[in-house]
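The structure under discussion appears below in the form of structure tokens.
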Amino acid sequence: MTVSQPEDDAARRELRAAVAALDAAEAAREPAQLSQALAQVARCHRAVGALAEADWYAKRGLAVARALSAVDASVDALCALAELALERAERLDTQDEARGAHRLRDTARDRAFEAAGLAQRAADPQWEVTVLLRVSDLFDRLGDHEDAIALQCRALGLITGATAGLRADAGSLHTTG
């Protein structure tokens with residue numbers, strides 16, 4: 001990932017701000033705030049190309065989210081970890097490190113499956129659709145086209161189910177008025 005100097009400077013400023021927010025969250029001993037701050041620091045490290053650091057912070061964020069039983073934060077962290085593993089695998093491919101790249105792709109796949117499974121526990125079907133499409137994109141990039149299509153179909157089922165529910169609700173409004 002090549003970043004221009006102004007973008008790089010902005011990404012580094014964002015990273016410094018995220019680290020300051022993390023320090024504040026740790027000082028406040030507020031787990032939910034800590035989980036969000038860890039996720040932001042991970043995103044910022046990824047933006048500056050520091051993938052190993054991003055992975056470390058994302059794993060810490062996942063641990064906190066799991067301790068809180070925060071499904072949304074856990075799923076987001078799992079997706080981020082899967083995306084990071086895939087990005088790291090792609091870097092290893094350019095360095096002719098096939099074994100390491102293969103291991104990271106397996107990790108990405110495992111994290112993505114876990115995220116898709118956990119997303120089923122979400123209360124918001126629209127959020128689940130968003131997660132399923134995010135994970136579907138990962139599977140597609142991994143070459144797992146059948147799994148990608150299966151997740152797209154699951155998302156479509158949620159969308160059409162929600163649409164049918166809205167139509168039914170609208171129909172009942174017209175018959176009761």
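Every chain in the structure tokens has a letter given in the order shown (A, B, ...), and although residue numbers restart at 1 in each chain, ligands are simply numbered from 1 in the order shown.
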| message | Need the shell around Ala77 in chain A: protein/DNA/RNA residues with any atom at most 8 Å away, counting only C-alpha atoms. Skip same-chain ones fewer than 4 positions apart. Format as a PyMOL selection string? | response | chain A and resi 39+58-59+61-62+73+81
| request: From range 45-79 of chain A, collect each residue whose DSSP state is alpha helix (DSSP H) and return the set as a ChimeraX atom specification. | output: /A:45-47,51-67,71-79
| field | Separation of CA of Ala27 in chain A from CA of Cys44 in chain A, in Å and rounded to one decimal | value | 20.5 Å
What lies within 12 Å of Asp147 in chain A using only C-alpha atoms, ignoring chain neighbours under 4 positions off, as an mmCIF file with N, CA and C atoms, in the first residue's frame?
data_model
loop_
_atom_site.group_PDB
_atom_site.id
_atom_site.type_symbol
_atom_site.label_atom_id
_atom_site.label_comp_id
_atom_site.auth_asym_id
_atom_site.auth_seq_id
_atom_site.Cartn_x
_atom_site.Cartn_y
_atom_site.Cartn_z
ATOM 1 N N ARG A 109 -9.599 -17.269 6.939
ATOM 2 C CA ARG A 109 -10.799 -18.073 6.702
ATOM 3 C C ARG A 109 -11.476 -18.436 8.022
ATOM 4 N N ALA A 112 -13.077 -15.384 9.572
ATOM 5 C CA ALA A 112 -14.250 -14.983 8.799
ATOM 6 C C ALA A 112 -15.439 -15.902 9.095
ATOM 7 N N PHE A 113 -15.198 -17.215 9.154
ATOM 8 C CA PHE A 113 -16.276 -18.150 9.501
ATOM 9 C C PHE A 113 -16.821 -17.855 10.896
ATOM 10 N N ALA A 116 -19.004 -14.725 10.762
ATOM 11 C CA ALA A 116 -20.296 -14.985 10.122
ATOM 12 C C ALA A 116 -21.228 -15.750 11.058
ATOM 13 N N LEU A 132 -22.304 -10.075 6.779
ATOM 14 C CA LEU A 132 -22.274 -11.189 5.828
ATOM 15 C C LEU A 132 -21.655 -10.772 4.503
ATOM 16 N N LEU A 133 -21.967 -9.568 4.049
ATOM 17 C CA LEU A 133 -21.381 -9.095 2.785
ATOM 18 C C LEU A 133 -19.898 -8.800 2.948
ATOM 19 N N VAL A 135 -17.852 -10.377 5.039
ATOM 20 C CA VAL A 135 -17.202 -11.689 5.098
ATOM 21 C C VAL A 135 -17.239 -12.358 3.720
ATOM 22 N N SER A 136 -18.331 -12.180 3.000
ATOM 23 C CA SER A 136 -18.427 -12.719 1.647
ATOM 24 C C SER A 136 -17.307 -12.164 0.768
ATOM 25 N N ASP A 137 -17.062 -10.873 0.894
ATOM 26 C CA ASP A 137 -15.973 -10.257 0.133
ATOM 27 C C ASP A 137 -14.629 -10.893 0.492
ATOM 28 N N LEU A 138 -14.425 -11.162 1.771
ATOM 29 C CA LEU A 138 -13.188 -11.828 2.203
ATOM 30 C C LEU A 138 -13.057 -13.205 1.558
ATOM 31 N N PHE A 139 -14.137 -13.983 1.616
ATOM 32 C CA PHE A 139 -14.087 -15.315 1.017
ATOM 33 C C PHE A 139 -13.814 -15.240 -0.478
ATOM 34 N N ASP A 140 -14.418 -14.260 -1.126
ATOM 35 C CA ASP A 140 -14.177 -14.087 -2.554
ATOM 36 C C ASP A 140 -12.700 -13.795 -2.815
ATOM 37 N N ARG A 141 -12.117 -12.912 -2.013
ATOM 38 C CA ARG A 141 -10.694 -12.584 -2.161
ATOM 39 C C ARG A 141 -9.808 -13.790 -1.848
ATOM 40 N N LEU A 142 -10.296 -14.675 -0.974
ATOM 41 C CA LEU A 142 -9.544 -15.889 -0.639
ATOM 42 C C LEU A 142 -9.705 -16.973 -1.700
ATOM 43 N N GLY A 143 -10.608 -16.750 -2.658
ATOM 44 C CA GLY A 143 -10.861 -17.752 -3.687
ATOM 45 C C GLY A 143 -11.918 -18.763 -3.293
ATOM 46 N N LEU A 151 -22.888 -16.967 1.631
ATOM 47 C CA LEU A 151 -23.115 -15.833 2.536
ATOM 48 C C LEU A 151 -23.933 -14.734 1.861
ATOM 49 N N GLN A 152 -23.706 -14.524 0.571
ATOM 50 C CA GLN A 152 -24.517 -13.544 -0.153
ATOM 51 C C GLN A 152 -25.977 -13.981 -0.177
ATOM 52 N N CYS A 153 -26.209 -15.267 -0.360
ATOM 53 C CA CYS A 153 -27.584 -15.792 -0.350
ATOM 54 C C CYS A 153 -28.219 -15.633 1.029
ATOM 55 N N ARG A 154 -27.446 -15.894 2.064
ATOM 56 C CA ARG A 154 -27.947 -15.703 3.430
ATOM 57 C C ARG A 154 -28.306 -14.230 3.661
#
| remark: Residue with the minimum atom-to-atom distance to Glu90 in chain A, picked from A:Val75, A:Ala123, A:Ala18, A:Ala108 with only C-alpha atoms counted, is A:Ala108
